[in-house]
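Here's the structure, in structure tokens; my notes come after.
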Amino acid sequence: MKIADKVRNIFPAEKEIPKAAAVRPLEQKEYLLDGKLKRWRGPAQKVFSPVSVHLGKKGLERKYLGSYPLMTEKEALDALNAAVNAYDEGKGSWPTSTVEERIARVEDFVYRMRERRTAVVKLLMWEIGKSLEDSEKEFDRTVDYIVDTINALKDLDRTSSRFSITQGVIAQIKRAPLGVALCMGPYNYPLNETFTTLIPAILMGNTVVFKPPKYGVLLHRPLLEAFRDSFPKGVVNTLYGAGRRIIGPIMKTGKVDVLAFIGSSKVADILKQQHPKPHRLRCVLGLDAKNAGIVLPDADIDLAVGESLTGALSYNGQRCTALKILFVHRSIRSEFLKKLITGIDGIKTGMPWEPGVKITPLPEDEKIPYLAGVIADAKKHGAKVINESGGLTNGNFVYPAVVYPVNKRMRLWREEQFGPVIPVAPFDDIKEPLKYVVDSDFGQQVSVFGADMNKIAPMLDTLVNQVCRVNINSQCQRGPDIFPFTGRKDSAEGTLSVSDALRVFSIRTLVAAKDSSANKKLIRSIIRGRKSKFLSTDFIL
Ligand code: G3H
């Protein structure tokens, strides 16, 4: 079948949706506030899938998935106050509980979470159009992340269970919570990237308000009971609705101590500026990126093409770590582009439940005209779409486009397209892509494809001071999750990873005393009498 025909027939009729994938609308009326599932009686936001069903002559209709509460400033402040009260200026039961107690609660949560896998995965797939396979991976990766984080915290606590005696001062140094954390993840990893901040924040003794992203809301509903039953009241509170309406008022109170946000730098800047006490606010931000792939003349072209395809097109290019521009040496560009196009032809397009599918419909309505706009702009400045049916659209489905040759006058040169468009720029001198990376507003990662160590080594030494991960002969990516994940410039603030996240959601605090016999006696009696949760030599086994 020709690609254009495939795209024209991409959406199924209702009866063609397999039983196992079928979904019933979920009208969410509940939200978690101060340990209770409250009933919402106000307006609701309807949720439609990026997947449409074909209604014959009537055309396409987006699949209706249900609705969620559209909250107001009042509920936002209620959620914040519940978290503030649970923290209780650091005196609350959660921030003063032992690490062991907190770990036990999170273990209980993850046990309950595992039981809801099927429901969460199905909603994830339908709400954001992520393939079933990748939705399952996102769920499992999140569970693994929680388990690994618990183990990392045990290690951290073990090393801080001892005292130091230095220059006549006895001290015990531990990590203490920061206060109230506001956690917001992105739509492309609505579960994983929300939980990679939410869980470490909780584990370190903070209390939390969390708001799911614009797309990927309902999938959190099956976990509300688990949150309610696993944690003391007020430790986790949920918020739903338009960010502009409910997040601004929370930030303006000055009561948020940590802003954990994964999204655009534009929104992050607005949120930060709303907080009246900038030095009180700690920010953990994962922001924009425009990761470049640089293909040197001696690169293994098959390998570079394979990595570029998955790097640029996994989940339709909607990953912050996606390769968003490729620089290919002019001497190999013809072979590279030929193989890239052949590779695209072989990628399976379709509905998210189809086995092996890679390219699926996009959740953001506005992304469809946006992508058409950046392609038109590139054409205006001399580029072409060089693959068959590249950029062809049907409903929210966009067939991947390879745009060549891209140059600095084009929007695709600098804008993060976050979609299935692969801009390719030829280069003659390695200084050209290196200058691109230096001049870019972003500094997350880069990929370098080549074989000659004499060429690659000096590039590495330049690039590591421009971005935060240089990938040799492989695509850019976040994982393994124990590796630090961060960026420079407009790409991030703070570092996430299994162990780094525990650090960003806490602060080193110590109890210190002069090494006198009276102080030693006092400290000994506090420890032996188990009078303090902080000052303690308990060792987690
Ligand atoms: O969207 C940004 C994600 O953190 C990327 O993670 O590289 O594992 O897809 P990934």
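Chain identifiers are assigned as A, B, and so on, following the order in which chains appear in the structure tokens; residues are numbered from 1 within each chain, and ligands are numbered from 1 in order of appearance.
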Hey, which bits of chain A sit within 10 Å of ligand 1, and for each residue what's the closest pair of atoms and how far apart in Å (one decimal), counting only C-alpha atoms and all ligand atoms, rows by chain and increasing number, as CSV?
residue,atom,partner,partner_atom_place_in_ligand_line,distance
A:Asp134,CA,ligand 1,9 (O),9.8
A:Glu138,CA,ligand 1,8 (O),9.0
A:Arg141,CA,ligand 1,8 (O),9.4
A:Gly185,CA,ligand 1,1 (O),9.8
A:Pro186,CA,ligand 1,1 (O),7.7
A:Tyr187,CA,ligand 1,1 (O),8.9
A:Asn188,CA,ligand 1,1 (O),6.2
A:Tyr189,CA,ligand 1,1 (O),6.5
A:Pro190,CA,ligand 1,1 (O),9.7
A:Asn192,CA,ligand 1,4 (O),8.5
A:Glu193,CA,ligand 1,4 (O),6.8
A:Thr196,CA,ligand 1,4 (O),9.7
A:Ile262,CA,ligand 1,2 (C),8.5
A:Gly263,CA,ligand 1,1 (O),8.9
A:Gly286,CA,ligand 1,4 (O),7.9
A:Leu287,CA,ligand 1,2 (C),8.8
A:Asp288,CA,ligand 1,1 (O),9.2
A:Ala289,CA,ligand 1,2 (C),9.1
A:Gly311,CA,ligand 1,7 (O),8.6
A:Ser314,CA,ligand 1,9 (O),7.8
A:Tyr315,CA,ligand 1,9 (O),8.4
A:Gly317,CA,ligand 1,1 (O),9.4
A:Gln318,CA,ligand 1,1 (O),6.9
A:Arg319,CA,ligand 1,1 (O),3.7
A:Cys320,CA,ligand 1,1 (O),3.6
A:Thr321,CA,ligand 1,5 (C),4.9
A:Ala322,CA,ligand 1,7 (O),7.0
A:Phe418,CA,ligand 1,1 (O),9.5
A:Gln475,CA,ligand 1,7 (O),8.9
A:Cys476,CA,ligand 1,7 (O),6.5
A:Gln477,CA,ligand 1,7 (O),3.3
A:Arg478,CA,ligand 1,7 (O),3.8
A:Gly479,CA,ligand 1,8 (O),5.1
A:Pro480,CA,ligand 1,8 (O),7.8
A:Asp481,CA,ligand 1,8 (O),8.1
A:Phe485,CA,ligand 1,4 (O),7.9
A:Thr486,CA,ligand 1,4 (O),9.4
A:Leu496,CA,ligand 1,4 (O),9.7
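Considering only segment 227-352 of chain A, backbone DSSP assigns strand (DSSP E) to Val236, Asn237, Thr238, Val258, Leu259, Ala260, Phe261, Ile262, Arg282, Cys283, Val284, Leu285, Gly286, Asn291, Ala292, Gly293, Ile294, Val295, Leu323, Lys324, Ile325, Leu326, Phe327, Val328 and His329 of chain A.
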Exercise for the section: Write out as a PyMOL selection string all residues of segment 447-540 of chain A that DSSP puts in helix (DSSP H, G or I) for this structure's backbone. Expected result: chain A and resi 453-463+500-504+517-528
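Counting from atom CA of Pro458 of chain A, the distance to atom CA of Glu432 of chain A is 14.7 Å.
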Exercise for the section: Excluding Gly494 of chain A and any residue of its chain fewer than 6 positions from it, enumerate the residues within 7 Å of it, using only C-alpha atoms, and give them as a PyMOL selection string. Expected result: chain A and resi 284-285+486+504
Exercise for the section: Go through A:Met1, A:Ala176, A:Leu124, A:Ile325 one by one, measure the shortest atom-to-atom distance of each to Met204 of chain A using only C-alpha atoms, and give the residue with the smallest value. Expected result: A:Ala176
Could you list, with a cut-off of 12 Å and counting only C-alpha atoms, the residues of segment 303-408 of chain A near segment 423-429 of chain A, each shown with its nearest atom pair and the distance in Å rounded to one decimal, rows sorted by chain and ascending number, as a tab-separated table?
residue	atom	partner	partner_atom	distance
A:Val305	CA	A:Val424	CA	11.9
A:Ser308	CA	A:Val424	CA	10.7
A:Leu309	CA	A:Pro423	CA	11.8
A:Ala312	CA	A:Pro423	CA	9.6
A:Leu313	CA	A:Pro423	CA	11.8
A:Gly317	CA	A:Pro423	CA	11.8
A:Leu323	CA	A:Pro423	CA	9.5
A:Lys324	CA	A:Pro423	CA	7.0
A:Ile325	CA	A:Pro423	CA	5.1
A:Leu326	CA	A:Val424	CA	4.7
A:Phe327	CA	A:Ala425	CA	4.8
A:Val328	CA	A:Pro426	CA	4.9
A:His329	CA	A:Phe427	CA	4.9
A:Arg330	CA	A:Pro426	CA	5.2
A:Ser331	CA	A:Asp428	CA	8.0
A:Ile332	CA	A:Pro426	CA	9.2
A:Arg333	CA	A:Pro426	CA	6.8
A:Ser334	CA	A:Pro426	CA	10.0
A:Phe336	CA	A:Val424	CA	10.2
A:Leu337	CA	A:Val424	CA	8.7
A:Leu340	CA	A:Val424	CA	10.5
A:Ile341	CA	A:Val424	CA	11.9
A:Leu371	CA	A:Pro423	CA	11.8
A:Val374	CA	A:Pro423	CA	10.2
A:Ile375	CA	A:Pro423	CA	9.3
A:Ala378	CA	A:Pro423	CA	9.1
A:Lys379	CA	A:Pro423	CA	11.5
A:Gly382	CA	A:Ala425	CA	11.9
A:Ala383	CA	A:Pro423	CA	9.4
A:Lys384	CA	A:Pro423	CA	10.0
A:Val385	CA	A:Pro423	CA	9.3
A:Ile386	CA	A:Val424	CA	10.4
A:Asn387	CA	A:Pro423	CA	11.9
A:Gly390	CA	A:Pro423	CA	11.7
A:Pro400	CA	A:Pro423	CA	10.8
A:Ala401	CA	A:Pro423	CA	8.3
A:Val402	CA	A:Pro423	CA	6.0
A:Val403	CA	A:Pro423	CA	4.8
A:Tyr404	CA	A:Val424	CA	5.2
A:Pro405	CA	A:Ala425	CA	5.1
A:Val406	CA	A:Ala425	CA	4.8
A:Asn407	CA	A:Ala425	CA	6.5
A:Lys408	CA	A:Ala425	CA	9.4
Dump of N, CA and C atoms for the selected residues, as a CSV table (one decimal), in the first residue's frame:
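Heads up, here's the output in selection-v3.csv:
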chain,number,residue,atom,x,y,z
A,305,VAL,N,22.4,5.7,11.2
A,305,VAL,CA,21.0,5.9,10.7
A,305,VAL,C,20.1,5.2,11.7
A,308,SER,N,19.8,7.3,14.8
A,308,SER,CA,19.2,8.6,14.5
A,308,SER,C,17.7,8.4,14.3
A,309,LEU,N,17.3,7.3,13.7
A,309,LEU,CA,15.8,7.1,13.6
A,309,LEU,C,15.2,6.9,14.9
A,312,ALA,N,15.4,10.2,16.9
A,312,ALA,CA,14.5,11.3,16.4
A,312,ALA,C,13.0,11.0,16.5
A,313,LEU,N,12.7,9.7,16.4
A,313,LEU,CA,11.3,9.3,16.2
A,313,LEU,C,10.6,8.5,17.3
A,317,GLY,N,9.1,11.5,18.3
A,317,GLY,CA,10.0,12.6,18.5
A,317,GLY,C,9.6,13.5,19.7
A,323,LEU,N,16.7,13.4,19.3
A,323,LEU,CA,17.6,14.1,18.4
A,323,LEU,C,16.8,15.0,17.6
A,324,LYS,N,17.0,16.3,17.7
A,324,LYS,CA,16.1,17.3,17.0
A,324,LYS,C,16.8,18.0,15.8
A,325,ILE,N,18.0,17.7,15.6
A,325,ILE,CA,18.7,18.2,14.3
A,325,ILE,C,19.9,17.3,14.1
A,326,LEU,N,20.1,16.9,12.8
A,326,LEU,CA,21.2,16.1,12.5
A,326,LEU,C,22.2,16.8,11.6
A,327,PHE,N,23.5,16.8,11.9
A,327,PHE,CA,24.5,17.4,11.1
A,327,PHE,C,25.2,16.2,10.5
A,328,VAL,N,25.2,16.2,9.1
A,328,VAL,CA,25.8,15.0,8.4
A,328,VAL,C,26.9,15.6,7.5
A,329,HIS,N,28.1,15.0,7.6
A,329,HIS,CA,29.2,15.5,6.7
A,329,HIS,C,28.8,15.3,5.3
A,330,ARG,N,29.2,16.4,4.5
A,330,ARG,CA,28.7,16.5,3.1
A,330,ARG,C,29.2,15.2,2.3
A,331,SER,N,30.3,14.7,2.6
A,331,SER,CA,30.9,13.6,1.8
A,331,SER,C,30.0,12.3,2.0
A,332,ILE,N,29.2,12.2,3.0
A,332,ILE,CA,28.4,11.0,3.2
A,332,ILE,C,26.9,11.2,3.2
A,333,ARG,N,26.6,12.5,2.9
A,333,ARG,CA,25.2,12.8,3.0
A,333,ARG,C,24.2,12.0,2.2
A,334,SER,N,24.6,11.7,0.9
A,334,SER,CA,23.7,11.0,0.0
A,334,SER,C,23.4,9.6,0.5
A,336,PHE,N,23.8,8.6,3.6
A,336,PHE,CA,23.1,8.7,4.9
A,336,PHE,C,21.6,9.0,4.7
A,337,LEU,N,21.3,9.9,3.8
A,337,LEU,CA,19.9,10.3,3.6
A,337,LEU,C,19.1,9.2,2.9
A,340,LEU,N,18.4,6.7,5.6
A,340,LEU,CA,17.4,7.3,6.6
A,340,LEU,C,16.0,7.2,6.0
A,341,ILE,N,15.8,7.5,4.7
A,341,ILE,CA,14.5,7.5,4.1
A,341,ILE,C,14.0,6.0,4.0
A,371,LEU,N,3.7,22.0,13.2
A,371,LEU,CA,4.7,21.2,12.4
A,371,LEU,C,4.6,21.6,10.9
A,374,VAL,N,6.5,24.9,10.5
A,374,VAL,CA,8.0,24.9,10.5
A,374,VAL,C,8.5,24.2,9.2
A,375,ILE,N,7.7,23.3,8.7
A,375,ILE,CA,8.1,22.7,7.4
A,375,ILE,C,8.0,23.7,6.3
A,378,ALA,N,10.8,26.1,6.4
A,378,ALA,CA,12.0,25.5,5.9
A,378,ALA,C,12.0,25.5,4.4
A,379,LYS,N,10.9,25.2,3.8
A,379,LYS,CA,10.7,25.2,2.3
A,379,LYS,C,11.0,26.6,1.8
A,382,GLY,N,14.6,27.3,1.3
A,382,GLY,CA,15.4,26.5,0.5
A,382,GLY,C,15.5,25.0,0.8
A,383,ALA,N,14.7,24.5,1.8
A,383,ALA,CA,14.8,23.0,2.0
A,383,ALA,C,13.6,22.3,1.4
A,384,LYS,N,13.7,21.0,1.3
A,384,LYS,CA,12.7,20.2,0.8
A,384,LYS,C,12.3,19.0,1.8
A,385,VAL,N,11.1,18.5,1.7
A,385,VAL,CA,10.8,17.3,2.4
A,385,VAL,C,11.2,16.2,1.4
A,386,ILE,N,12.2,15.4,1.8
A,386,ILE,CA,12.8,14.5,0.8
A,386,ILE,C,12.3,13.0,0.9
A,387,ASN,N,11.4,12.7,1.9
A,387,ASN,CA,10.8,11.4,1.9
A,387,ASN,C,9.4,11.4,1.4
A,390,GLY,N,6.3,12.7,3.5
A,390,GLY,CA,6.8,13.3,4.7
A,390,GLY,C,5.9,14.5,5.1
A,400,PRO,N,6.2,11.0,9.5
A,400,PRO,CA,7.5,11.7,9.7
A,400,PRO,C,8.0,12.3,8.4
A,401,ALA,N,8.7,13.5,8.6
A,401,ALA,CA,9.2,14.2,7.5
A,401,ALA,C,10.7,14.4,7.7
A,402,VAL,N,11.5,14.1,6.7
A,402,VAL,CA,12.9,14.5,6.7
A,402,VAL,C,13.1,15.7,5.9
A,403,VAL,N,13.6,16.8,6.5
A,403,VAL,CA,13.7,18.1,5.9
A,403,VAL,C,15.2,18.4,5.6
A,404,TYR,N,15.5,18.7,4.3
A,404,TYR,CA,16.9,18.8,3.9
A,404,TYR,C,17.0,19.8,2.8
A,405,PRO,N,18.1,20.6,2.7
A,405,PRO,CA,19.1,20.9,3.7
A,405,PRO,C,18.6,22.1,4.6
A,406,VAL,N,18.8,21.9,5.9
A,406,VAL,CA,18.4,22.9,6.8
A,406,VAL,C,19.5,23.9,7.1
A,407,ASN,N,19.2,25.2,7.2
A,407,ASN,CA,20.2,26.2,7.5
A,407,ASN,C,19.7,27.1,8.6
A,408,LYS,N,20.6,28.0,9.0
A,408,LYS,CA,20.3,28.9,10.2
A,408,LYS,C,19.1,29.9,10.0
Practice task
Compile the contact shell of Leu182 of chain A as a VMD selection string: residues with an atom at most 7 Å away, counting only C-alpha atoms, same-chain residues fewer than 4 positions apart removed.
Solution key: chain A and resid 208 to 210 256 258 to 260
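Residues lying within 8 Å of Lys255 of chain A, counting only C-alpha atoms and ignoring same-chain neighbours fewer than 5 positions away, are Leu80, Val84, Val180 and Ile250 of chain A.
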Practice task
Please provide the set of residues having any atom within 8 Å of segment 506-509 of chain A, restricted to only C-alpha atoms, with same-chain residues fewer than 3 positions apart removed, written as a ChimeraX atom specification.
Solution key: /A:173-178,201,204,502-503
Quick one: write out the picked residues with N, CA and C atoms as a short mmCIF file (atom, residue, chain, number, x, y, z; two decimals), in the first residue's frame?
data_model
loop_
_atom_site.label_atom_id
_atom_site.label_comp_id
_atom_site.auth_asym_id
_atom_site.auth_seq_id
_atom_site.Cartn_x
_atom_site.Cartn_y
_atom_site.Cartn_z
N ILE A 173 25.71 14.45 60.64
CA ILE A 173 25.26 15.17 59.45
C ILE A 173 24.27 14.30 58.69
N LYS A 174 23.10 14.84 58.45
CA LYS A 174 22.08 14.07 57.71
C LYS A 174 21.41 14.98 56.70
N ARG A 175 20.53 14.40 55.93
CA ARG A 175 19.77 15.21 54.97
C ARG A 175 18.36 15.41 55.53
N ALA A 176 17.90 16.65 55.54
CA ALA A 176 16.58 16.99 56.07
C ALA A 176 15.69 17.49 54.94
N PRO A 177 14.36 17.39 55.11
CA PRO A 177 13.47 17.86 54.04
C PRO A 177 13.50 19.37 53.89
N LEU A 178 12.93 19.85 52.78
CA LEU A 178 12.92 21.29 52.50
C LEU A 178 11.59 21.94 52.84
N ALA A 201 10.71 13.37 46.55
CA ALA A 201 10.28 14.47 47.43
C ALA A 201 9.62 13.91 48.69
N MET A 204 12.02 12.03 51.13
CA MET A 204 12.92 12.85 51.93
C MET A 204 12.18 13.64 53.01
N LEU A 502 17.31 12.46 45.45
CA LEU A 502 17.20 12.49 46.92
C LEU A 502 17.91 13.72 47.46
N ARG A 503 18.98 14.09 46.80
CA ARG A 503 19.74 15.27 47.25
C ARG A 503 18.99 16.56 46.94
#
Practice task
Compare A:Lys137, A:Lys455, A:Lys29, A:Lys233 by their minimum atom-to-atom distance to Gln45 of chain A, counting only C-alpha atoms, and give me the closest one.
Solution key: A:Lys29
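What separates atom CA of Ile482 of chain A from atom CA of Asp500 of chain A is a distance of 8.5 Å.
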